[in-house]
file entry.txt (compact mmCIF, C-alpha atoms)
# COMPACT_ATOMS: atom_id res chain seq x y z
CA MET B 13 -21.71 40.42 15.89
CA THR B 14 -23.59 37.37 14.66
CA SER B 15 -22.96 33.61 14.61
CA THR B 16 -22.93 33.80 10.83
CA GLU B 17 -19.95 36.11 10.93
CA HIS B 18 -18.33 34.05 13.69
CA PRO B 19 -19.52 30.44 13.46
CA PRO B 20 -18.90 28.20 16.47
CA HIS B 21 -15.71 26.23 16.33
CA ILE B 22 -13.72 23.98 18.65
CA GLU B 23 -10.01 24.66 19.02
CA GLU B 24 -7.47 21.89 18.61
CA VAL B 25 -6.11 22.54 22.10
CA VAL B 26 -6.70 19.67 24.55
CA GLY B 27 -6.39 19.99 28.34
CA ARG B 28 -5.52 17.06 30.61
CA TYR B 29 -4.18 16.31 34.09
CA LEU B 30 -0.86 14.70 34.89
CA ASN B 31 -0.50 13.01 38.28
CA LEU B 32 3.08 12.76 39.47
CA ILE B 33 5.44 13.15 42.41
CA ILE B 34 7.47 16.35 42.57
CA ALA B 35 9.97 16.84 45.40
CA GLY B 36 8.34 14.00 47.31
CA GLU B 37 4.80 15.35 47.05
CA ARG B 38 1.84 14.25 44.98
CA GLN B 39 0.85 16.82 42.42
CA ARG B 40 -1.96 16.98 39.88
CA VAL B 41 -0.68 19.19 37.10
CA TYR B 42 -2.92 20.63 34.43
CA PHE B 43 -1.49 20.96 30.94
CA GLU B 44 -2.73 21.87 27.48
CA GLU B 45 -1.30 20.61 24.25
CA SER B 46 -1.73 21.07 20.55
CA GLY B 47 0.11 20.10 17.37
CA ASP B 48 2.65 17.50 16.34
CA GLY B 49 6.40 17.47 15.98
CA ILE B 50 9.30 18.67 18.06
CA PRO B 51 8.00 19.28 21.59
CA LEU B 52 7.83 22.91 22.66
CA LEU B 53 7.35 23.16 26.42
CA CYS B 54 5.93 26.53 27.48
CA LEU B 55 6.32 27.98 30.98
CA HIS B 56 4.12 30.80 32.26
CA THR B 57 5.08 33.92 34.22
CA ALA B 58 5.04 34.50 37.98
CA GLY B 59 1.56 34.42 39.48
CA ALA B 60 -0.15 33.49 36.22
CA ASP B 61 -0.95 30.29 34.33
CA SER B 62 -0.77 28.57 30.97
CA ARG B 63 -3.60 30.61 29.46
CA GLN B 64 -0.90 33.10 28.55
CA TYR B 65 0.06 30.70 25.73
CA ARG B 66 -3.37 30.38 24.16
CA HIS B 67 -2.35 32.23 21.00
CA LEU B 68 0.74 30.11 20.49
CA LEU B 69 -1.24 26.90 21.10
CA THR B 70 -3.55 27.84 18.25
CA ASP B 71 -0.97 29.15 15.79
CA PRO B 72 -1.05 26.66 12.86
CA GLU B 73 2.39 27.69 11.70
CA VAL B 74 3.78 26.56 15.06
CA THR B 75 1.56 23.54 15.68
CA ALA B 76 2.29 22.14 12.20
CA ARG B 77 5.87 21.55 13.34
CA HIS B 78 5.64 21.36 17.11
CA GLN B 79 3.84 19.53 19.84
CA VAL B 80 3.13 22.58 21.98
CA ILE B 81 2.63 21.88 25.69
CA ALA B 82 1.85 24.50 28.33
CA PHE B 83 1.29 23.53 31.95
CA ASP B 84 0.18 25.26 35.12
CA LEU B 85 2.73 25.04 37.91
CA PRO B 86 1.34 23.58 41.15
CA TRP B 87 -0.50 26.38 43.05
CA HIS B 88 -1.36 28.06 39.71
CA GLY B 89 -4.35 27.99 37.36
CA ARG B 90 -6.00 24.57 37.39
CA SER B 91 -3.10 22.85 39.21
CA LEU B 92 -4.21 22.85 42.84
CA PRO B 93 -1.72 23.25 45.68
CA PRO B 94 -0.40 20.11 47.40
CA GLU B 95 -1.81 18.72 50.64
CA LYS B 96 -1.58 20.89 53.75
CA TRP B 97 -0.95 23.98 51.62
CA TRP B 98 -2.60 26.14 54.23
CA GLU B 99 0.09 25.37 56.77
CA ARG B 100 3.00 26.72 54.74
CA GLU B 101 4.25 29.87 53.08
CA TYR B 102 4.54 29.51 49.32
CA LEU B 103 8.07 30.38 48.18
CA LEU B 104 9.31 28.98 44.89
CA THR B 105 12.97 28.02 45.05
CA THR B 106 15.35 27.34 42.20
CA GLU B 107 15.62 23.70 43.26
CA LEU B 108 11.87 23.15 43.30
CA TYR B 109 11.28 25.01 40.06
CA VAL B 110 13.93 23.09 38.13
CA GLU B 111 12.77 19.79 39.60
CA THR B 112 9.18 20.58 38.63
CA VAL B 113 9.98 21.35 34.99
CA GLU B 114 12.24 18.33 34.65
CA ALA B 115 9.66 16.05 36.29
CA VAL B 116 6.79 17.25 34.10
CA SER B 117 8.87 16.93 30.95
CA ALA B 118 9.98 13.41 31.88
CA ALA B 119 6.51 12.28 32.92
CA LEU B 120 5.09 13.45 29.61
CA GLY B 121 7.81 11.52 27.82
CA LEU B 122 9.16 14.57 26.02
CA VAL B 123 12.46 13.98 24.24
CA ARG B 124 14.74 17.01 24.22
CA PRO B 125 11.94 19.56 24.08
CA ILE B 126 12.59 23.17 23.29
CA VAL B 127 11.67 25.14 26.40
CA LEU B 128 10.05 28.55 26.09
CA GLY B 129 9.65 30.54 29.29
CA CYS B 130 8.67 34.10 30.17
CA SER B 131 9.60 36.33 33.10
CA MET B 132 10.59 34.03 35.99
CA ALA B 133 10.44 31.21 33.45
CA GLY B 134 12.57 33.27 31.09
CA SER B 135 15.22 33.13 33.78
CA VAL B 136 14.71 29.51 34.85
CA VAL B 137 15.44 28.31 31.32
CA LEU B 138 19.00 29.50 31.92
CA GLU B 139 19.28 27.31 34.98
CA LEU B 140 17.71 24.37 33.15
CA ALA B 141 20.32 24.74 30.42
CA ARG B 142 23.14 25.16 32.91
CA ARG B 143 22.30 22.08 34.98
CA ARG B 144 21.39 19.47 32.38
CA PRO B 145 21.78 20.78 28.84
CA GLU B 146 21.43 17.27 27.41
CA LEU B 147 17.75 17.22 28.44
CA TRP B 148 16.73 20.10 26.20
CA GLY B 149 16.68 20.84 22.50
CA GLY B 150 17.29 24.48 23.28
CA VAL B 151 15.75 27.23 25.38
CA ILE B 152 14.08 30.53 24.58
CA GLY B 153 13.90 32.94 27.50
CA LEU B 154 11.62 35.97 27.41
CA SER B 155 12.06 38.80 29.91
CA GLY B 156 14.74 36.84 31.71
CA ALA B 157 18.32 37.50 32.81
CA ALA B 158 21.01 36.20 35.13
CA LYS B 159 19.76 38.38 37.99
CA ILE B 160 16.56 40.38 38.47
CA GLU B 161 16.17 42.76 41.39
CA GLY B 162 13.29 44.50 43.08
CA ARG B 163 10.33 42.27 42.27
CA PHE B 164 9.97 40.40 45.59
CA GLN B 165 7.61 42.38 47.83
CA ASP B 166 5.58 41.56 50.95
CA TRP B 167 2.64 43.87 50.24
CA PRO B 168 0.62 41.23 48.30
CA LEU B 169 -0.05 39.53 51.66
CA SER B 170 -0.80 42.71 53.61
CA PRO B 171 -4.37 42.59 55.01
CA ASP B 172 -5.16 46.12 53.83
CA ILE B 173 -4.13 45.39 50.24
CA ASN B 174 -6.57 43.90 47.77
CA ALA B 175 -4.02 41.76 45.95
CA GLN B 176 -6.63 40.59 43.47
CA GLN B 177 -6.55 44.10 42.02
CA VAL B 178 -3.14 45.38 43.00
CA VAL B 179 -0.98 42.49 41.73
CA PRO B 180 -2.42 42.65 38.19
CA SER B 181 -2.16 46.45 38.20
CA TRP B 182 1.46 46.23 39.40
CA THR B 183 2.39 43.83 36.60
CA SER B 184 0.37 45.73 33.99
CA SER B 185 2.93 48.51 34.26
CA LEU B 186 5.33 46.21 32.39
CA ILE B 187 3.12 45.95 29.29
CA ALA B 188 3.80 48.11 26.23
CA PRO B 189 1.01 50.71 26.00
CA SER B 190 0.86 50.09 22.25
CA SER B 191 -0.09 46.42 22.71
CA PRO B 192 -3.75 45.74 21.87
CA GLU B 193 -6.05 46.70 24.72
CA PRO B 194 -7.94 43.36 24.85
CA SER B 195 -4.62 41.55 25.30
CA ARG B 196 -3.43 43.97 27.96
CA ARG B 197 -6.69 43.52 29.84
CA GLU B 198 -6.52 39.74 29.48
CA ILE B 199 -3.13 39.68 31.18
CA TRP B 200 -4.63 41.75 34.01
CA TRP B 201 -7.55 39.35 34.28
CA ILE B 202 -5.35 36.25 34.50
CA TYR B 203 -3.24 37.89 37.19
CA SER B 204 -6.36 38.80 39.17
CA GLN B 205 -7.05 35.08 39.57
CA GLY B 206 -3.82 34.08 41.27
CA GLY B 207 -4.00 32.63 44.77
CA PRO B 208 -2.95 34.69 47.81
CA GLY B 209 0.81 35.05 48.02
CA ILE B 210 1.49 33.12 44.82
CA TYR B 211 2.84 36.02 42.77
CA ARG B 212 4.98 36.97 45.75
CA GLY B 213 6.20 33.39 46.18
CA ASP B 214 7.14 33.15 42.50
CA THR B 215 9.06 36.38 42.60
CA TYR B 216 11.06 34.89 45.46
CA PHE B 217 12.62 32.67 42.82
CA TYR B 218 12.77 35.36 40.14
CA SER B 219 14.17 38.18 42.22
CA GLN B 220 15.75 36.61 45.30
CA ASP B 221 16.83 32.99 44.93
CA LEU B 222 18.22 32.85 41.41
CA ASP B 223 21.50 34.62 40.77
CA LEU B 224 23.52 33.31 37.86
CA ARG B 225 25.92 36.23 37.67
CA GLY B 226 29.41 34.92 37.26
CA ARG B 227 28.15 31.48 36.29
CA GLU B 228 26.80 32.28 32.81
CA SER B 229 29.80 30.67 31.12
CA GLU B 230 28.84 27.32 32.68
CA ILE B 231 25.99 27.11 30.15
CA ASP B 232 26.89 24.80 27.27
CA THR B 233 25.14 26.36 24.29
CA ALA B 234 26.68 23.82 21.91
CA THR B 235 24.49 21.19 23.58
CA CYS B 236 21.57 23.44 24.50
CA PRO B 237 21.33 26.67 22.49
CA VAL B 238 20.11 29.72 24.40
CA HIS B 239 18.06 32.49 22.81
CA LEU B 240 16.94 35.42 24.97
CA LEU B 241 14.46 38.14 24.03
CA THR B 242 13.16 41.07 26.04
CA GLY B 243 10.69 43.79 25.12
CA GLU B 244 11.79 47.40 25.27
CA TYR B 245 8.88 48.36 27.56
CA ASP B 246 9.91 45.84 30.19
CA HIS B 247 11.19 47.86 33.14
CA ALA B 248 11.51 44.87 35.51
CA CYS B 249 13.92 42.95 33.32
CA THR B 250 15.22 45.59 30.97
CA PRO B 251 16.59 44.79 27.51
CA GLU B 252 19.99 45.89 28.78
CA MET B 253 19.90 43.28 31.55
CA THR B 254 19.08 40.57 29.02
CA GLU B 255 21.75 41.83 26.62
CA ASP B 256 24.32 41.67 29.41
CA THR B 257 23.33 38.06 30.06
CA ILE B 258 23.55 37.20 26.36
CA ALA B 259 27.02 38.69 26.24
CA ALA B 260 28.09 36.64 29.25
CA ILE B 261 26.89 33.28 27.85
CA PRO B 262 29.24 32.06 25.13
CA GLY B 263 27.18 31.32 22.03
CA ALA B 264 23.91 32.78 23.30
CA THR B 265 21.77 34.78 20.88
CA GLY B 266 18.82 37.16 21.01
CA GLY B 267 18.19 40.79 21.86
CA ARG B 268 15.45 43.34 22.30
CA MET B 269 11.97 43.48 20.83
CA ASN B 270 10.53 46.88 19.95
CA ASP B 271 6.99 47.87 20.96
CA ILE B 272 6.65 44.92 23.32
CA GLY B 273 6.74 44.67 27.11
CA HIS B 274 7.22 41.93 29.70
CA PHE B 275 4.59 39.47 28.36
CA PRO B 276 5.35 39.06 24.64
CA MET B 277 3.33 35.91 23.91
CA ALA B 278 0.27 37.26 25.71
CA GLU B 279 0.36 41.00 25.09
CA ASN B 280 1.07 41.11 21.36
CA TYR B 281 1.32 37.65 19.83
CA PRO B 282 1.34 38.78 16.16
CA LYS B 283 4.35 40.97 16.85
CA PHE B 284 6.05 38.42 19.09
CA ARG B 285 5.78 35.58 16.57
CA GLN B 286 7.98 37.60 14.20
CA HIS B 287 10.75 36.98 16.72
CA LEU B 288 9.64 33.51 17.77
CA LEU B 289 9.36 31.76 14.41
CA PRO B 290 12.97 32.41 13.30
CA ALA B 291 14.20 31.39 16.74
CA LEU B 292 12.25 28.13 16.60
CA GLU B 293 13.58 27.45 13.11
CA ASN B 294 17.16 27.88 14.29
CA LEU B 295 16.64 25.64 17.30
CA ARG B 296 14.92 23.03 15.13
CA ARG B 297 17.92 22.94 12.77
CA HIS B 298 20.33 22.64 15.67
CA ARG B 299 18.29 19.88 17.24
CA ASP B 300 18.03 17.99 13.92
CA ARG B 301 21.81 18.19 13.48
CA ARG B 302 22.39 16.75 16.93
CA THR B 303 19.79 14.02 16.42
CA ALA B 304 21.35 13.08 13.06
CA MET D 4 -16.88 78.27 47.05
CA ALA D 5 -15.22 77.40 43.75
CA THR D 6 -11.51 76.66 43.93
CA PRO D 7 -9.46 79.27 42.09
CA THR D 8 -7.51 77.86 39.17
CA PRO D 9 -3.91 79.06 39.43
CA THR D 10 -1.71 79.39 36.39
CA CYS D 11 0.67 76.46 36.25
CA GLU D 12 3.35 75.82 33.68
CA THR D 13 3.80 72.08 34.20
CA PHE D 14 0.17 71.27 34.87
CA PRO D 15 -1.80 73.68 32.63
CA ALA D 16 -5.22 74.58 33.98
CA VAL D 17 -6.88 73.68 30.69
CA TRP D 18 -5.38 70.20 30.86
CA VAL D 19 -6.49 69.72 34.47
CA GLU D 20 -10.03 70.74 33.51
CA HIS D 21 -10.08 68.30 30.59
CA TRP D 22 -8.66 65.56 32.80
CA LEU D 23 -11.30 66.09 35.49
CA SER D 24 -14.01 66.00 32.87
CA ASP D 25 -12.61 62.94 31.09
CA VAL D 26 -12.37 61.03 34.36
CA SER D 27 -15.91 61.91 35.35
CA SER D 28 -17.28 60.56 32.08
CA ASN D 29 -15.07 57.48 31.90
CA PRO D 30 -17.10 54.25 32.16
CA GLU D 31 -14.25 52.19 33.66
CA ILE D 32 -13.67 54.76 36.39
CA GLN D 33 -17.34 54.66 37.28
CA VAL D 34 -17.04 50.88 37.77
CA ILE D 35 -13.72 50.61 39.60
CA GLY D 36 -13.79 53.88 41.55
CA ARG D 37 -17.01 53.45 43.48
CA TRP D 38 -15.27 52.71 46.79
CA THR D 39 -12.20 54.91 46.49
CA ARG D 40 -11.49 58.13 48.40
CA LEU D 41 -8.10 59.58 47.64
CA HIS D 42 -6.13 62.79 47.34
CA VAL D 43 -3.64 62.91 44.47
CA VAL D 44 -0.96 65.57 44.62
CA LEU D 45 1.16 66.45 41.58
CA GLU D 46 4.32 68.40 42.28
CA CYS D 47 6.90 70.04 40.07
CA GLY D 48 9.22 72.26 42.07
CA VAL D 49 7.01 74.88 43.67
CA GLU D 50 4.07 74.03 41.44
CA GLU D 51 1.44 71.82 43.03
CA VAL D 52 -1.95 70.55 42.01
CA THR D 53 -4.12 68.67 44.50
CA LEU D 54 -7.01 66.57 43.28
CA GLU D 55 -9.65 64.70 45.19
CA PHE D 56 -11.13 61.48 43.92
CA ASP D 57 -14.28 60.61 45.80
CA CYS D 58 -16.17 57.50 44.74
CA GLY D 59 -16.11 58.36 41.07
CA SER D 60 -16.12 62.16 41.20
CA PHE D 61 -12.84 63.97 40.57
CA ARG D 62 -12.20 67.61 41.44
CA ARG D 63 -9.49 70.06 42.21
CA VAL D 64 -9.08 71.13 45.85
CA PRO D 65 -6.87 73.77 47.47
CA ALA D 66 -3.22 72.84 47.73
CA GLY D 67 -2.06 72.00 51.24
CA LEU D 68 -5.54 70.97 52.32
CA THR D 69 -5.39 69.12 55.63
CA THR D 70 -7.13 65.80 55.27
CA THR D 71 -7.39 62.36 56.78
CA THR D 72 -8.14 60.94 53.34
CA ASP D 73 -5.51 58.66 51.79
CA ARG D 74 -2.94 60.81 50.00
CA VAL D 75 -0.22 60.18 47.44
CA VAL D 76 2.27 62.81 46.35
CA PHE D 77 3.98 62.45 42.98
CA SER D 78 6.93 64.74 42.46
CA GLY D 79 8.89 65.20 39.29
CA ALA D 80 10.67 67.53 36.94
CA LYS D 81 8.66 69.00 34.09
CA ARG D 82 10.38 66.76 31.54
CA ALA D 83 9.56 63.67 33.60
CA TRP D 84 5.89 64.58 33.72
CA ALA D 85 5.87 65.44 30.04
CA SER D 86 7.45 62.10 29.15
CA MET D 87 4.62 60.18 30.82
CA LEU D 88 1.66 62.36 29.92
CA VAL D 89 1.57 61.53 26.23
CA PRO D 90 -0.55 58.97 24.37
CA ASP D 91 2.52 57.05 23.20
CA PRO D 92 5.11 57.23 25.99
CA ALA D 93 8.63 55.95 25.45
CA PRO D 94 9.88 52.83 27.24
CA ARG D 95 10.27 53.31 31.00
CA CYS D 96 8.07 56.41 30.88
CA ASN D 97 4.72 54.68 30.46
CA ASP D 98 3.37 55.20 33.98
CA VAL D 99 4.24 56.32 37.50
CA LEU D 100 5.77 52.95 38.44
CA ALA D 101 8.09 52.99 35.45
CA LEU D 102 9.08 56.61 36.12
CA ASP D 103 9.59 55.97 39.82
CA ARG D 104 11.98 53.12 39.08
CA HIS D 105 13.88 54.53 36.16
CA HIS D 106 13.58 58.33 35.96
CA PRO D 107 16.08 60.16 38.17
CA GLU D 108 13.82 63.23 38.29
CA PHE D 109 10.63 61.54 39.48
CA GLU D 110 9.61 60.04 42.81
CA ILE D 111 6.71 58.98 44.97
CA ALA D 112 7.36 61.71 47.50
CA GLU D 113 4.70 60.61 49.97
CA GLY D 114 2.27 57.74 50.37
CA ARG D 115 4.04 54.77 48.80
CA ALA D 116 1.84 52.31 50.74
CA THR D 117 -1.20 54.31 49.70
CA LEU D 118 -0.07 54.15 46.09
CA ILE D 119 -0.03 50.36 46.31
CA LYS D 120 -3.44 50.27 47.96
CA HIS D 121 -5.01 52.44 45.25
CA LEU D 122 -2.82 51.35 42.36
CA ARG D 123 -5.62 50.21 40.08
CA ILE D 124 -7.46 53.53 40.14
CA LEU D 125 -4.27 55.63 40.07
CA LEU D 126 -2.94 53.92 36.95
CA ALA D 127 -6.33 54.37 35.32
CA LEU D 128 -6.41 58.09 36.24
CA PHE D 129 -2.99 58.70 34.73
CA ARG D 130 -3.89 56.68 31.63
CA ILE D 131 -6.74 59.11 31.07
CA ALA D 132 -4.52 62.09 31.91
CA ALA D 133 -2.13 61.09 29.14
CA GLN D 134 -4.97 61.29 26.63
CA SER D 135 -6.57 64.53 27.84
CA GLU D 136 -6.32 67.70 25.81
CA GLY D 137 -3.94 70.50 26.79
CA ARG D 138 -1.31 68.17 28.22
CA PRO D 139 2.00 69.50 29.56
CA SER D 140 4.62 69.70 26.81
call {"tool": "encode", "arguments": {"input": "entry.txt", "output": "structure tokens"}}
result
Amino acid sequence: MTSTEHPPHIEEVVGRYLNLIIAGERQRVYFEESGDGIPLLCLHTAGADSRQYRHLLTDPEVTARHQVIAFDLPWHGRSLPPEKWWEREYLLTTELYVETVEAVSAALGLVRPIVLGCSMAGSVVLELARRRPELWGGVIGLSGAAKIEGRFQDWPLSPDINAQQVVPSWTSSLIAPSSPEPSRREIWWIYSQGGPGIYRGDTYFYSQDLDLRGRESEIDTATCPVHLLTGEYDHACTPEMTEDTIAAIPGATGGRMNDIGHFPMAENYPKFRQHLLPALENLRRHRDRRTA
Amino acid sequence: MATPTPTCETFPAVWVEHWLSDVSSNPEIQVIGRWTRLHVVLECGVEEVTLEFDCGSFRRVPAGLTTTTDRVVFSGAKRAWASMLVPDPAPRCNDVLALDRHHPEFEIAEGRATLIKHLRILLALFRIAAQSEGRPS
């Protein structure tokens, strides 16, 4: 490989820090953005960070129409934990998660962004839409459902477990084996860099705290459309679980994605965008109608 | 003394030999397996294959060997094993974690905590197994 074949280039993606108060605490939140147009706010998976959206942030077909923003939750990636973090157990609650997303969106001045989330974020978009649908132009949830079971485990904090290797291996089981190997390994790498107990603390929200069963009909899809997609190789949130949630939300759309697992935007972006682009187009039209 | 190679319907001897060889020559295994000592037991009814992974070397050892080495026992029906040990497994059959959660005829029969401890190397071993010649069918 030579520099003639691959000349140096600088991506359009820009990273910055947002200082704000979330739930009464000062936070310094790292975010990346690219493109112009309708804001598309991207939320990463449990125990990971916004690097999972690097393909989407550099997709000209998306950035030509959208201001794409992806941020690292506090305790993740380049967003450091708050003060006195060492004196507390990290457990992400529904209240804190929703407040964080709403606060970041407001502080960035985003007007009715479309929210795209995966895994725990694929579930939190349902709660965002349920609580304050007027804030959002629509939500797209990947690998999310009204209730996920079995993901919250204590072993990541066990002293005889090397969580740096075990957590990424545990989550790698959810990737489609047919996804490109460099992408599968990249997901593993990002997971290997999570702080101690952070994946566990995120799954507290995903698998313990959030339970929207029986409340799905409270989501007003006329105000905030809901589109849910799950890969067929996802055995944490199965396509059937997502399909059940779609059926329970009046007006929700979506379904399963073949040959994809739990991390669509990171594990096989070319395949995932075949599902994403039509969904974005539909949400854009809906948002334009409401704005008009 | 060399370990006799019993005839085994679910875990064909030719496949085991290819697997052992493929693991020994795998560059990733040589990197990530340098500090791992582990016994891996595959069960299917009365059939059993016990393998020893020792810091990068992989060999068959007598079944029922008493050991203080970490040990994980995977137990499953022939069709469960066959569903995982293919290069292009179907959804929910792609590795031992998927099978354990979703296949009614597969379980981690012993050593669940050990499985977690050695998960990186175990998933890599089975990834290679699914590509090795002479696989169960």
call {"tool": "closest_residue", "arguments": {"input": "entry.txt", "among": "D:Phe129, D:Phe77, D:Trp84, D:Phe109", "to": "chain B", "atoms": "only C-alpha atoms"}}
result
D:Phe129
call {"tool": "closest_atom_pairs", "arguments": {"input": "entry.txt", "of": "chain D", "to": "chain B", "cutoff": "7 Å", "atoms": "all atoms listed in the file", "output": "Markdown table"}}
result
| residue | atom | partner | partner_atom | distance |
| --- | --- | --- | --- | --- |
| D:Pro94 | CA | B:Tyr245 | CA | 4.6 |
| D:Arg95 | CA | B:His247 | CA | 5.9 |
| D:Asp98 | CA | B:Ser185 | CA | 6.7 |
| D:Leu100 | CA | B:Ser185 | CA | 6.7 |
| D:Ala101 | CA | B:His247 | CA | 6.4 |
| D:Ile119 | CA | B:Val178 | CA | 6.7 |
| D:Lys120 | CA | B:Ile173 | CA | 5.4 |
| D:Leu122 | CA | B:Val178 | CA | 6.0 |
| D:Arg123 | CA | B:Ser181 | CA | 5.4 |
call {"tool": "write_last_selection", "arguments": {"input": "entry.txt", "atoms": "C-alpha atoms", "output": "PDB file, keeping the file's coordinate frame"}}
result
ATOM      1  CA  PRO D  94       9.880  52.830  27.240  1.00  0.00           C
ATOM      2  CA  ARG D  95      10.270  53.310  31.000  1.00  0.00           C
ATOM      3  CA  ASP D  98       3.370  55.200  33.980  1.00  0.00           C
ATOM      4  CA  LEU D 100       5.770  52.950  38.440  1.00  0.00           C
ATOM      5  CA  ALA D 101       8.090  52.990  35.450  1.00  0.00           C
ATOM      6  CA  ILE D 119      -0.030  50.360  46.310  1.00  0.00           C
ATOM      7  CA  LYS D 120      -3.440  50.270  47.960  1.00  0.00           C
ATOM      8  CA  LEU D 122      -2.820  51.350  42.360  1.00  0.00           C
ATOM      9  CA  ARG D 123      -5.620  50.210  40.080  1.00  0.00           C
TER      10      ARG D 123
END
call {"tool": "closest_residue", "arguments": {"input": "entry.txt", "among": "D:Val76, D:Val52, D:Ala66, D:Leu102", "to": "Pro15 (chain D)", "atoms": "only C-alpha atoms"}}
result
D:Val52
call {"tool": "residues_near_point", "arguments": {"input": "entry.txt", "point": "(24.1, 20.7, 23.1)", "cutoff": "10 Å", "atoms": "all atoms listed in the file", "output": "list in words"}}
result
Ala141, Arg144, Pro145, Glu146, Leu147, Trp148, Gly149, Gly150, Ile231, Asp232, Thr233, Ala234, Thr235, Cys236, Pro237, Val238, His298, Arg299 and Arg302 of chain B
call {"tool": "residues_around", "arguments": {"input": "entry.txt", "residues": "Gln39 (chain B)", "least_positions_apart": "4", "cutoff": "7 Å", "atoms": "all atoms listed in the file", "output": "list in words"}}
result
Asn31, Leu32, Ile33, Ile34, Pro86 and Pro94 of chain B
call {"tool": "atom_distance", "arguments": {"input": "entry.txt", "atom1": "CA of Ala133 (chain D)", "atom2": "CA of Pro90 (chain D)"}}
result
5.5 Å
call {"tool": "atom_distance", "arguments": {"input": "entry.txt", "atom1": "CA of Cys54 (chain B)", "atom2": "CA of Gly129 (chain B)"}}
result
5.8 Å
call {"tool": "residues_near_point", "arguments": {"input": "entry.txt", "point": "(0.3, 74.5, 40.7)", "cutoff": "10 Å", "atoms": "only C-alpha atoms", "output": "short mmCIF file (atom, residue, chain, number, x, y, z; two decimals) with C-alpha atoms, keeping the file's coordinate frame"}}
result
data_model
loop_
_atom_site.label_atom_id
_atom_site.label_comp_id
_atom_site.auth_asym_id
_atom_site.auth_seq_id
_atom_site.Cartn_x
_atom_site.Cartn_y
_atom_site.Cartn_z
CA THR D 8 -7.51 77.86 39.17
CA PRO D 9 -3.91 79.06 39.43
CA THR D 10 -1.71 79.39 36.39
CA CYS D 11 0.67 76.46 36.25
CA GLU D 12 3.35 75.82 33.68
CA THR D 13 3.80 72.08 34.20
CA PHE D 14 0.17 71.27 34.87
CA PRO D 15 -1.80 73.68 32.63
CA ALA D 16 -5.22 74.58 33.98
CA VAL D 44 -0.96 65.57 44.62
CA LEU D 45 1.16 66.45 41.58
CA GLU D 46 4.32 68.40 42.28
CA CYS D 47 6.90 70.04 40.07
CA GLY D 48 9.22 72.26 42.07
CA VAL D 49 7.01 74.88 43.67
CA GLU D 50 4.07 74.03 41.44
CA GLU D 51 1.44 71.82 43.03
CA VAL D 52 -1.95 70.55 42.01
CA THR D 53 -4.12 68.67 44.50
CA PRO D 65 -6.87 73.77 47.47
CA ALA D 66 -3.22 72.84 47.73
#
call {"tool": "atom_distance", "arguments": {"input": "entry.txt", "atom1": "CA of Arg40 (chain D)", "atom2": "CA of Glu55 (chain D)"}}
result
7.5 Å
call {"tool": "closest_residue", "arguments": {"input": "entry.txt", "among": "D:Val99, D:Val34, D:Leu118, D:Leu88", "to": "Gly137 (chain D)", "atoms": "all atoms listed in the file"}}
result
D:Leu88
call {"tool": "closest_residue", "arguments": {"input": "entry.txt", "among": "B:Tyr109, B:Phe275, B:Tyr281, B:Trp87", "to": "Gly209 (chain B)", "atoms": "all atoms listed in the file"}}
result
B:Trp87
call {"tool": "closest_residue", "arguments": {"input": "entry.txt", "among": "B:Val26, B:Arg38, B:Val151, B:Glu111", "to": "Ala82 (chain B)", "atoms": "all atoms listed in the file"}}
result
B:Val26
call {"tool": "residues_around", "arguments": {"input": "entry.txt", "residues": "region 192-203 of chain B", "least_positions_apart": "2", "cutoff": "6 Å", "atoms": "only C-alpha atoms", "output": "PDB file with C-alpha atoms, keeping the file's coordinate frame"}}
result
ATOM      1  CA  ALA B  60      -0.150  33.490  36.220  1.00  0.00           C
ATOM      2  CA  PRO B 180      -2.420  42.650  38.190  1.00  0.00           C
ATOM      3  CA  GLN B 205      -7.050  35.080  39.570  1.00  0.00           C
ATOM      4  CA  GLY B 206      -3.820  34.080  41.270  1.00  0.00           C
ATOM      5  CA  GLU B 279       0.360  41.000  25.090  1.00  0.00           C
TER       6      GLU B 279
END
call {"tool": "closest_residue", "arguments": {"input": "entry.txt", "among": "B:Arg40, B:Arg227, B:His21, B:His78", "to": "Glu293 (chain B)", "atoms": "only C-alpha atoms"}}
result
B:His78
